[in-house]
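Trainee: Here you go, this is model.cif (mmCIF, N, CA and C atoms).
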```cif
data_data
loop_
_atom_site.label_atom_id
_atom_site.label_comp_id
_atom_site.auth_asym_id
_atom_site.auth_seq_id
_atom_site.Cartn_x
_atom_site.Cartn_y
_atom_site.Cartn_z
N PRO K 1 -139.18 -50.81 -114.03
CA PRO K 1 -139.03 -49.66 -113.14
C PRO K 1 -137.89 -48.76 -113.60
N THR K 2 -137.96 -47.54 -113.20
CA THR K 2 -136.93 -46.56 -113.54
C THR K 2 -135.93 -46.44 -112.40
N ASP K 3 -134.74 -45.97 -112.70
CA ASP K 3 -133.71 -45.84 -111.66
C ASP K 3 -133.87 -44.59 -110.83
N LEU K 4 -134.20 -43.47 -111.47
CA LEU K 4 -134.29 -42.17 -110.79
C LEU K 4 -135.45 -41.38 -111.38
N ILE K 5 -136.07 -40.56 -110.54
CA ILE K 5 -137.11 -39.65 -111.02
C ILE K 5 -136.80 -38.26 -110.48
N SER K 6 -136.92 -37.27 -111.34
CA SER K 6 -136.74 -35.88 -110.94
C SER K 6 -137.80 -35.05 -111.64
N THR K 7 -138.42 -34.15 -110.90
CA THR K 7 -139.44 -33.29 -111.47
C THR K 7 -139.32 -31.89 -110.88
N CYS K 8 -139.56 -30.90 -111.70
CA CYS K 8 -139.58 -29.51 -111.24
C CYS K 8 -141.03 -29.06 -111.25
N VAL K 9 -141.50 -28.58 -110.11
CA VAL K 9 -142.92 -28.29 -109.95
C VAL K 9 -143.14 -26.82 -109.60
N GLY K 10 -144.03 -26.16 -110.33
CA GLY K 10 -144.49 -24.85 -109.91
C GLY K 10 -144.52 -23.75 -110.94
N ILE K 11 -143.54 -23.68 -111.83
CA ILE K 11 -143.47 -22.52 -112.72
C ILE K 11 -144.63 -22.49 -113.71
N ASN K 12 -144.99 -23.63 -114.29
CA ASN K 12 -146.12 -23.64 -115.22
C ASN K 12 -147.44 -23.42 -114.50
N ILE K 13 -147.52 -23.89 -113.28
CA ILE K 13 -148.72 -23.68 -112.47
C ILE K 13 -148.86 -22.20 -112.13
N TYR K 14 -147.73 -21.56 -111.81
CA TYR K 14 -147.75 -20.12 -111.59
C TYR K 14 -148.24 -19.41 -112.85
N GLY K 15 -147.64 -19.72 -113.97
CA GLY K 15 -147.97 -19.05 -115.23
C GLY K 15 -149.40 -19.26 -115.66
N GLY K 16 -149.92 -20.45 -115.40
CA GLY K 16 -151.29 -20.75 -115.79
C GLY K 16 -152.32 -20.40 -114.74
N SER K 17 -151.84 -19.98 -113.56
CA SER K 17 -152.74 -19.70 -112.43
C SER K 17 -153.67 -20.89 -112.20
N THR K 18 -153.11 -22.08 -112.30
CA THR K 18 -153.89 -23.31 -112.26
C THR K 18 -154.39 -23.65 -110.87
N PHE K 19 -153.52 -23.56 -109.86
CA PHE K 19 -153.90 -23.91 -108.49
C PHE K 19 -153.55 -22.77 -107.56
N ASN K 20 -154.38 -22.60 -106.53
CA ASN K 20 -154.17 -21.52 -105.58
C ASN K 20 -153.62 -22.06 -104.26
N ASP K 21 -153.59 -21.20 -103.27
CA ASP K 21 -153.04 -21.53 -101.96
C ASP K 21 -153.74 -22.74 -101.33
N ARG K 22 -154.99 -22.92 -101.63
CA ARG K 22 -155.77 -24.02 -101.05
C ARG K 22 -155.67 -25.31 -101.86
N THR K 23 -155.44 -25.21 -103.15
CA THR K 23 -155.50 -26.39 -104.01
C THR K 23 -154.14 -26.92 -104.47
N PHE K 24 -153.10 -26.14 -104.34
CA PHE K 24 -151.80 -26.55 -104.87
C PHE K 24 -151.21 -27.75 -104.13
N ILE K 25 -151.14 -27.68 -102.81
CA ILE K 25 -150.53 -28.77 -102.04
C ILE K 25 -151.23 -30.11 -102.28
N PRO K 26 -152.57 -30.19 -102.24
CA PRO K 26 -153.20 -31.49 -102.52
C PRO K 26 -152.85 -32.05 -103.90
N HIS K 27 -152.70 -31.18 -104.88
CA HIS K 27 -152.35 -31.67 -106.21
C HIS K 27 -150.91 -32.17 -106.28
N VAL K 28 -150.00 -31.51 -105.59
CA VAL K 28 -148.62 -31.99 -105.58
C VAL K 28 -148.53 -33.31 -104.82
N ILE K 29 -149.27 -33.43 -103.72
CA ILE K 29 -149.32 -34.71 -103.00
C ILE K 29 -149.82 -35.80 -103.94
N GLY K 30 -150.88 -35.51 -104.68
CA GLY K 30 -151.42 -36.48 -105.62
C GLY K 30 -150.41 -36.90 -106.68
N MET K 31 -149.65 -35.95 -107.18
CA MET K 31 -148.62 -36.26 -108.18
C MET K 31 -147.57 -37.20 -107.59
N ILE K 32 -147.10 -36.88 -106.38
CA ILE K 32 -146.09 -37.72 -105.73
C ILE K 32 -146.64 -39.11 -105.49
N LYS K 33 -147.85 -39.20 -104.98
CA LYS K 33 -148.44 -40.52 -104.70
C LYS K 33 -148.66 -41.32 -105.98
N THR K 34 -149.01 -40.65 -107.06
CA THR K 34 -149.16 -41.34 -108.34
C THR K 34 -147.82 -41.90 -108.81
N LEU K 35 -146.76 -41.11 -108.69
CA LEU K 35 -145.43 -41.60 -109.04
C LEU K 35 -145.04 -42.78 -108.16
N ARG K 36 -145.39 -42.70 -106.89
CA ARG K 36 -145.03 -43.76 -105.95
C ARG K 36 -145.79 -45.06 -106.21
N GLU K 37 -146.97 -44.99 -106.79
CA GLU K 37 -147.72 -46.21 -107.10
C GLU K 37 -146.91 -47.11 -108.03
N GLY K 38 -146.25 -46.53 -108.99
CA GLY K 38 -145.46 -47.32 -109.93
C GLY K 38 -144.00 -47.48 -109.56
N HIS K 39 -143.53 -46.62 -108.67
CA HIS K 39 -142.10 -46.60 -108.33
C HIS K 39 -141.93 -46.34 -106.83
N PRO K 40 -142.33 -47.29 -105.99
CA PRO K 40 -142.35 -47.03 -104.54
C PRO K 40 -141.00 -46.80 -103.89
N LEU K 41 -139.93 -47.33 -104.45
CA LEU K 41 -138.61 -47.19 -103.82
C LEU K 41 -137.62 -46.40 -104.67
N THR K 42 -138.07 -45.90 -105.79
CA THR K 42 -137.19 -45.16 -106.69
C THR K 42 -136.83 -43.80 -106.08
N PRO K 43 -135.56 -43.42 -106.07
CA PRO K 43 -135.21 -42.08 -105.61
C PRO K 43 -135.97 -41.03 -106.42
N LEU K 44 -136.68 -40.16 -105.71
CA LEU K 44 -137.55 -39.16 -106.33
C LEU K 44 -137.17 -37.77 -105.81
N MET K 45 -136.70 -36.93 -106.71
CA MET K 45 -136.32 -35.56 -106.37
C MET K 45 -137.39 -34.61 -106.89
N VAL K 46 -137.93 -33.80 -105.99
CA VAL K 46 -138.88 -32.76 -106.37
C VAL K 46 -138.15 -31.43 -106.22
N VAL K 47 -138.05 -30.72 -107.33
CA VAL K 47 -137.33 -29.45 -107.37
C VAL K 47 -138.34 -28.32 -107.49
N SER K 48 -138.17 -27.31 -106.68
CA SER K 48 -139.03 -26.13 -106.80
C SER K 48 -138.55 -25.28 -107.97
N PRO K 49 -139.32 -24.30 -108.39
CA PRO K 49 -138.96 -23.51 -109.57
C PRO K 49 -137.61 -22.80 -109.45
N ILE K 50 -136.92 -22.75 -110.58
CA ILE K 50 -135.72 -21.92 -110.66
C ILE K 50 -136.17 -20.46 -110.64
N SER K 51 -135.23 -19.57 -110.55
CA SER K 51 -135.55 -18.15 -110.48
C SER K 51 -136.20 -17.64 -111.76
N SER K 52 -137.13 -16.75 -111.58
CA SER K 52 -137.72 -15.98 -112.67
C SER K 52 -138.02 -14.61 -112.08
N PRO K 53 -137.04 -13.70 -112.13
CA PRO K 53 -137.10 -12.45 -111.38
C PRO K 53 -138.44 -11.71 -111.36
N PRO K 54 -139.12 -11.51 -112.47
CA PRO K 54 -140.36 -10.74 -112.37
C PRO K 54 -141.49 -11.50 -111.68
N ARG K 55 -141.35 -12.80 -111.55
CA ARG K 55 -142.42 -13.61 -110.98
C ARG K 55 -142.23 -13.91 -109.49
N GLU K 56 -141.05 -13.62 -108.97
CA GLU K 56 -140.75 -13.96 -107.58
C GLU K 56 -141.73 -13.33 -106.60
N SER K 57 -142.05 -12.07 -106.81
CA SER K 57 -142.93 -11.38 -105.86
C SER K 57 -144.20 -10.84 -106.52
N GLU K 58 -144.37 -11.10 -107.81
CA GLU K 58 -145.57 -10.64 -108.51
C GLU K 58 -146.65 -11.72 -108.41
N LYS K 59 -147.82 -11.33 -107.90
CA LYS K 59 -148.91 -12.29 -107.74
C LYS K 59 -149.55 -12.60 -109.09
N ASN K 60 -149.89 -13.88 -109.26
CA ASN K 60 -150.58 -14.29 -110.48
C ASN K 60 -152.09 -14.10 -110.29
N ALA K 61 -152.88 -14.62 -111.20
CA ALA K 61 -154.33 -14.41 -111.17
C ALA K 61 -155.01 -15.05 -109.96
N VAL K 62 -154.35 -16.02 -109.31
CA VAL K 62 -154.94 -16.64 -108.12
C VAL K 62 -154.25 -16.15 -106.84
N GLY K 63 -153.47 -15.08 -106.97
CA GLY K 63 -152.90 -14.43 -105.79
C GLY K 63 -151.63 -15.04 -105.23
N MET K 64 -150.93 -15.84 -106.03
CA MET K 64 -149.70 -16.47 -105.54
C MET K 64 -148.48 -15.99 -106.32
N THR K 65 -147.38 -15.85 -105.60
CA THR K 65 -146.10 -15.51 -106.24
C THR K 65 -145.34 -16.81 -106.52
N LEU K 66 -144.31 -16.71 -107.32
CA LEU K 66 -143.48 -17.88 -107.57
C LEU K 66 -142.84 -18.36 -106.28
N ASN K 67 -142.45 -17.43 -105.43
CA ASN K 67 -141.88 -17.81 -104.14
C ASN K 67 -142.91 -18.55 -103.27
N ASP K 68 -144.18 -18.16 -103.35
CA ASP K 68 -145.23 -18.89 -102.63
C ASP K 68 -145.27 -20.35 -103.07
N TYR K 69 -145.24 -20.57 -104.37
CA TYR K 69 -145.24 -21.94 -104.89
C TYR K 69 -144.00 -22.69 -104.43
N ARG K 70 -142.87 -22.02 -104.46
CA ARG K 70 -141.62 -22.65 -104.04
C ARG K 70 -141.72 -23.13 -102.58
N GLN K 71 -142.25 -22.27 -101.72
CA GLN K 71 -142.40 -22.64 -100.31
C GLN K 71 -143.37 -23.80 -100.13
N GLN K 72 -144.44 -23.81 -100.93
CA GLN K 72 -145.42 -24.88 -100.81
C GLN K 72 -144.88 -26.21 -101.36
N VAL K 73 -144.03 -26.16 -102.36
CA VAL K 73 -143.40 -27.39 -102.85
C VAL K 73 -142.57 -28.00 -101.72
N LYS K 74 -141.78 -27.18 -101.07
CA LYS K 74 -140.95 -27.66 -99.95
C LYS K 74 -141.82 -28.24 -98.85
N GLN K 75 -142.86 -27.52 -98.48
CA GLN K 75 -143.76 -27.98 -97.42
C GLN K 75 -144.42 -29.30 -97.79
N THR K 76 -144.82 -29.44 -99.03
CA THR K 76 -145.48 -30.66 -99.49
C THR K 76 -144.55 -31.85 -99.41
N VAL K 77 -143.34 -31.70 -99.88
CA VAL K 77 -142.38 -32.80 -99.82
C VAL K 77 -142.14 -33.21 -98.37
N GLN K 78 -142.00 -32.24 -97.48
CA GLN K 78 -141.80 -32.55 -96.06
C GLN K 78 -143.00 -33.30 -95.49
N LEU K 79 -144.21 -32.89 -95.86
CA LEU K 79 -145.42 -33.57 -95.39
C LEU K 79 -145.44 -35.03 -95.83
N VAL K 80 -145.16 -35.26 -97.10
CA VAL K 80 -145.18 -36.64 -97.62
C VAL K 80 -144.05 -37.46 -97.01
N GLN K 81 -142.87 -36.87 -96.87
CA GLN K 81 -141.76 -37.59 -96.24
C GLN K 81 -142.17 -38.08 -94.85
N GLN K 82 -142.77 -37.20 -94.08
CA GLN K 82 -143.15 -37.54 -92.71
C GLN K 82 -144.34 -38.49 -92.66
N HIS K 83 -145.39 -38.17 -93.39
CA HIS K 83 -146.62 -38.97 -93.34
C HIS K 83 -146.40 -40.39 -93.85
N ASP K 84 -145.68 -40.52 -94.94
CA ASP K 84 -145.48 -41.83 -95.57
C ASP K 84 -144.14 -42.47 -95.21
N ASN K 85 -143.37 -41.80 -94.37
CA ASN K 85 -142.02 -42.26 -94.02
C ASN K 85 -141.23 -42.59 -95.29
N ASP K 86 -141.33 -41.71 -96.26
CA ASP K 86 -140.68 -41.91 -97.56
C ASP K 86 -139.24 -41.44 -97.48
N GLN K 87 -138.35 -42.38 -97.34
CA GLN K 87 -136.92 -42.08 -97.22
C GLN K 87 -136.23 -41.93 -98.57
N HIS K 88 -137.00 -42.09 -99.64
CA HIS K 88 -136.44 -41.98 -100.99
C HIS K 88 -136.99 -40.77 -101.73
N LEU K 89 -137.65 -39.89 -100.99
CA LEU K 89 -138.22 -38.66 -101.53
C LEU K 89 -137.37 -37.49 -101.05
N PHE K 90 -136.99 -36.63 -101.99
CA PHE K 90 -136.10 -35.52 -101.67
C PHE K 90 -136.62 -34.22 -102.26
N TYR K 91 -136.21 -33.12 -101.64
CA TYR K 91 -136.57 -31.78 -102.12
C TYR K 91 -135.28 -31.01 -102.41
N HIS K 92 -135.33 -30.19 -103.45
CA HIS K 92 -134.21 -29.28 -103.73
C HIS K 92 -134.78 -27.94 -104.16
N ASP K 93 -134.23 -26.89 -103.62
CA ASP K 93 -134.65 -25.53 -103.94
C ASP K 93 -134.11 -25.13 -105.31
N GLY K 94 -135.01 -24.86 -106.24
CA GLY K 94 -134.61 -24.49 -107.59
C GLY K 94 -133.73 -23.25 -107.65
N ILE K 95 -133.87 -22.37 -106.67
CA ILE K 95 -133.03 -21.16 -106.62
C ILE K 95 -131.56 -21.54 -106.49
N GLN K 96 -131.29 -22.66 -105.80
CA GLN K 96 -129.90 -23.11 -105.65
C GLN K 96 -129.33 -23.60 -106.98
N LEU K 97 -130.20 -24.08 -107.86
CA LEU K 97 -129.76 -24.55 -109.18
C LEU K 97 -129.55 -23.40 -110.15
N PHE K 98 -130.47 -22.44 -110.09
CA PHE K 98 -130.44 -21.35 -111.07
C PHE K 98 -131.10 -20.14 -110.44
N GLY K 99 -130.30 -19.33 -109.77
CA GLY K 99 -130.80 -18.18 -109.04
C GLY K 99 -130.86 -16.92 -109.88
N SER K 100 -131.30 -15.85 -109.25
CA SER K 100 -131.45 -14.57 -109.95
C SER K 100 -130.12 -14.02 -110.46
N ASP K 101 -129.02 -14.46 -109.86
CA ASP K 101 -127.70 -14.03 -110.34
C ASP K 101 -127.40 -14.55 -111.75
N LEU K 102 -128.21 -15.49 -112.22
CA LEU K 102 -128.02 -16.05 -113.56
C LEU K 102 -129.07 -15.54 -114.55
N ALA K 103 -129.81 -14.51 -114.16
CA ALA K 103 -130.87 -13.98 -115.02
C ALA K 103 -130.36 -13.52 -116.38
N HIS K 104 -129.08 -13.17 -116.46
CA HIS K 104 -128.53 -12.76 -117.77
C HIS K 104 -128.52 -13.92 -118.77
N HIS K 105 -128.74 -15.14 -118.29
CA HIS K 105 -128.86 -16.32 -119.16
C HIS K 105 -130.32 -16.61 -119.51
N MET K 106 -131.22 -15.68 -119.18
CA MET K 106 -132.65 -15.87 -119.45
C MET K 106 -133.16 -14.67 -120.24
N PRO K 107 -133.10 -14.72 -121.55
CA PRO K 107 -133.50 -13.56 -122.36
C PRO K 107 -134.94 -13.10 -122.09
N ASP K 108 -135.81 -14.05 -121.80
CA ASP K 108 -137.21 -13.71 -121.52
C ASP K 108 -137.50 -13.70 -120.02
N LEU K 109 -136.46 -13.83 -119.20
CA LEU K 109 -136.55 -13.90 -117.73
C LEU K 109 -137.41 -15.07 -117.26
N LEU K 110 -137.47 -16.11 -118.10
CA LEU K 110 -138.22 -17.32 -117.76
C LEU K 110 -137.45 -18.58 -118.16
N HIS K 111 -136.97 -18.61 -119.39
CA HIS K 111 -136.30 -19.80 -119.92
C HIS K 111 -134.80 -19.56 -120.08
N PRO K 112 -133.97 -20.45 -119.52
CA PRO K 112 -132.53 -20.32 -119.74
C PRO K 112 -132.18 -20.49 -121.22
N ASN K 113 -131.22 -19.71 -121.69
CA ASN K 113 -130.72 -19.86 -123.05
C ASN K 113 -129.74 -21.04 -123.09
N GLY K 114 -129.06 -21.23 -124.21
CA GLY K 114 -128.13 -22.35 -124.34
C GLY K 114 -127.07 -22.37 -123.26
N ASP K 115 -126.43 -21.24 -123.01
CA ASP K 115 -125.43 -21.17 -121.95
C ASP K 115 -126.06 -21.42 -120.59
N GLY K 116 -127.27 -20.91 -120.40
CA GLY K 116 -127.98 -21.11 -119.13
C GLY K 116 -128.32 -22.57 -118.88
N ILE K 117 -128.71 -23.27 -119.94
CA ILE K 117 -129.00 -24.70 -119.80
C ILE K 117 -127.73 -25.45 -119.39
N HIS K 118 -126.61 -25.05 -119.94
CA HIS K 118 -125.33 -25.67 -119.56
C HIS K 118 -125.04 -25.44 -118.07
N VAL K 119 -125.25 -24.23 -117.60
CA VAL K 119 -125.05 -23.91 -116.18
C VAL K 119 -126.02 -24.72 -115.32
N LEU K 120 -127.28 -24.76 -115.74
CA LEU K 120 -128.30 -25.50 -115.00
C LEU K 120 -127.93 -26.98 -114.92
N ALA K 121 -127.51 -27.56 -116.03
CA ALA K 121 -127.13 -28.97 -116.05
C ALA K 121 -125.92 -29.24 -115.15
N LYS K 122 -124.96 -28.35 -115.19
CA LYS K 122 -123.76 -28.50 -114.35
C LYS K 122 -124.15 -28.44 -112.87
N ASN K 123 -124.99 -27.48 -112.51
CA ASN K 123 -125.44 -27.37 -111.13
C ASN K 123 -126.27 -28.58 -110.71
N TYR K 124 -127.10 -29.06 -111.62
CA TYR K 124 -127.91 -30.25 -111.34
C TYR K 124 -127.01 -31.45 -111.06
N ALA K 125 -126.02 -31.63 -111.90
CA ALA K 125 -125.10 -32.75 -111.72
C ALA K 125 -124.36 -32.67 -110.39
N LYS K 126 -124.01 -31.47 -110.00
CA LYS K 126 -123.24 -31.27 -108.77
C LYS K 126 -124.13 -31.31 -107.52
N GLN K 127 -125.32 -30.73 -107.59
CA GLN K 127 -126.15 -30.57 -106.40
C GLN K 127 -127.17 -31.69 -106.19
N ILE K 128 -127.70 -32.25 -107.25
CA ILE K 128 -128.81 -33.20 -107.12
C ILE K 128 -128.39 -34.64 -107.36
N MET K 129 -127.61 -34.89 -108.38
CA MET K 129 -127.27 -36.27 -108.72
C MET K 129 -126.60 -37.04 -107.59
N PRO K 130 -125.72 -36.45 -106.79
CA PRO K 130 -125.13 -37.24 -105.70
C PRO K 130 -126.19 -37.79 -104.73
N THR K 131 -127.19 -36.99 -104.41
CA THR K 131 -128.26 -37.45 -103.51
C THR K 131 -129.00 -38.63 -104.13
N LEU K 132 -129.39 -38.49 -105.38
CA LEU K 132 -130.15 -39.56 -106.04
C LEU K 132 -129.31 -40.82 -106.21
N LEU K 133 -128.07 -40.66 -106.62
CA LEU K 133 -127.21 -41.83 -106.84
C LEU K 133 -126.86 -42.52 -105.53
N ASN K 134 -126.62 -41.76 -104.47
CA ASN K 134 -126.35 -42.37 -103.17
C ASN K 134 -127.55 -43.16 -102.67
N ASP K 135 -128.74 -42.61 -102.87
CA ASP K 135 -129.94 -43.33 -102.46
C ASP K 135 -130.12 -44.59 -103.30
N LEU K 136 -129.87 -44.49 -104.58
CA LEU K 136 -129.98 -45.64 -105.47
C LEU K 136 -129.02 -46.75 -105.04
N LYS K 137 -127.79 -46.38 -104.71
CA LYS K 137 -126.80 -47.37 -104.27
C LYS K 137 -127.20 -48.02 -102.96
N SER K 138 -127.86 -47.26 -102.09
CA SER K 138 -128.21 -47.78 -100.76
C SER K 138 -129.25 -48.88 -100.82
N HIS K 139 -129.99 -48.96 -101.90
CA HIS K 139 -130.98 -50.03 -102.03
C HIS K 139 -130.95 -50.64 -103.42
N ALA K 140 -129.73 -50.92 -103.89
CA ALA K 140 -129.55 -51.48 -105.24
C ALA K 140 -130.43 -52.71 -105.41
N ARG K 141 -131.07 -52.71 -106.56
CA ARG K 141 -132.02 -53.80 -106.84
C ARG K 141 -131.28 -55.01 -107.35
#
```
Spell out the structure here as structure tokens.
Mentor:
Amino acid sequence: PTDLISTCVGINIYGGSTFNDRTFIPHVIGMIKTLREGHPLTPLMVVSPISSPPRESEKNAVGMTLNDYRQQVKQTVQLVQQHDNDQHLFYHDGIQLFGSDLAHHMPDLLHPNGDGIHVLAKNYAKQIMPTLLNDLKSHAR
């Protein structure tokens, strides 16, 4: 088993127009449940997309904005937390990790550059790791 799991969900789905308003949530639920099959008690952090200024309010080919996906990621995690009473599942808003104020670290307004990755990692360590590590300590194997 693994100690911690963290995944960022939504930006590639936005870019690929893979899932729409009706199909996105069931697929994210499926991903979480698949992870839980192998790691039922592992602290699992689901992070919504970081900022990508041109995509925040621009609809993709299936009519969704990046912010739409972000809201649905949050809603999905809340649904699974409640339905499955999953106390080891957490959500974090990607905007809090890397918001539009850091767009100068994204030359293509999508991918952080070297300095941006450093900022993202620092924010991740400060904002997300304490939650995961505290949960891990609470049920040390």
Trainee: Excluding Gln87 of chain K and any residue of its chain fewer than 3 positions from it, enumerate the residues within 8 Å of it, using all atoms listed in the file, and give them as a list in words.
Mentor: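 Near neighbours after the sequence-gap exclusion: Leu41, Thr42, Pro43, Leu44, Val80, Gln81, Gln82, Asp84, Phe90 and Asp135 of chain K.
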Trainee: Would you mind reading off the distance between atom N of Ile13 of chain K and atom CA of Asp115 of chain K, one decimal, in Å?
Mentor: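 One can read the atom N of Ile13 of chain K to atom CA of Asp115 of chain K distance as 23.9 Å.
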Trainee: Could the residues of segment 65-117 of chain K that have an atom at most 9 Å from segment 57-61 of chain K be listed as a tab-separated table, each with its closest atom pair and the distance in Å to one decimal, counting only C-alpha atoms and ordered by chain and ascending residue number?
Mentor:
```
residue	atom	partner	partner_atom	distance
K:Thr65	CA	K:Lys59	CA	4.5
K:Leu66	CA	K:Ser57	CA	6.7
K:Asn67	CA	K:Ser57	CA	6.7
K:Asp68	CA	K:Ser57	CA	8.5
```
Trainee: Extract, using all atoms listed in the file, all DNA, RNA and protein residues at most 6 Å from segment 6-8 of chain K, discarding same-chain residues fewer than 2 positions from it, and format them as a count of residues only.
Mentor: 9
Trainee: Determine the nearest neighbour of Pro53 of chain K from the options K:Ser138, K:Thr76, K:Ser100, K:Asn85, counting all atoms listed in the file.
Mentor: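 Comparing K:Ser138, K:Thr76, K:Ser100, K:Asn85 against Pro53 of chain K, the winner is K:Ser100.
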Trainee: Would you mind reading off the distance between atom CA of Asp3 of chain K and atom CA of Gly114 of chain K, one decimal, in Å?
Mentor: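 Distance between the two atoms: 27.3 Å.
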Trainee: Can you pull out every residue from segment 78-123 of chain K that DSSP, working from the backbone, puts in strand (DSSP E or B), and format the result as a PyMOL selection string?
Mentor: chain K and resi 89-92
Trainee: How far is it from atom CA of Ile29 of chain K to atom C of Gln75 of chain K, in Å with one decimal?
Mentor: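 Calculated distance between atom CA of Ile29 of chain K and atom C of Gln75 of chain K is 9.0 Å.
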Trainee: The PyMOL selection byres (((chain K and resi 119-121 and name CA) around 10) and name CA) - which residues does that actually catch in the file I just gave you? List them as number ranges by chain.
Mentor: K: 50, 94, 96-99, 102, 105, 112-118, 122-127
Trainee: Quick one: pick out all alpha helix (DSSP H) residues within chain K from a backbone DSSP run and write them as an NGL selection string.
Mentor: :K and (11-16 or 24-38 or 66-84 or 94-97 or 114-127 or 129-138)
Trainee: Quick one: what's the axis-aligned box for segment 63-68 of chain K, all listed atoms, 6 Å on every side, centre and edges in Å to one decimal, as JSON?
Mentor:
```
{"center_x": -147.7, "center_y": -17.4, "center_z": -105.1, "size_x": 23.6, "size_y": 17.9, "size_z": 16.9}
```
Trainee: Specify as a PyMOL selection string each residue included when the PyMOL selection byres (((chain K and resi 28 and name CA) around 10) and name CA) is applied to this file.
Mentor: chain K and resi 9-10+23-27+29-34+46+72-73+76-77+80
Trainee: In terms of the shortest atom-to-atom distance over only N, CA and C atoms, which of K:Tyr91, K:Asp101, K:Asp21, K:Pro130 is closest to Val62 of chain K?
Mentor: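 Going through K:Tyr91, K:Asp101, K:Asp21, K:Pro130 one by one, the smallest distance to Val62 of chain K is for K:Asp21.
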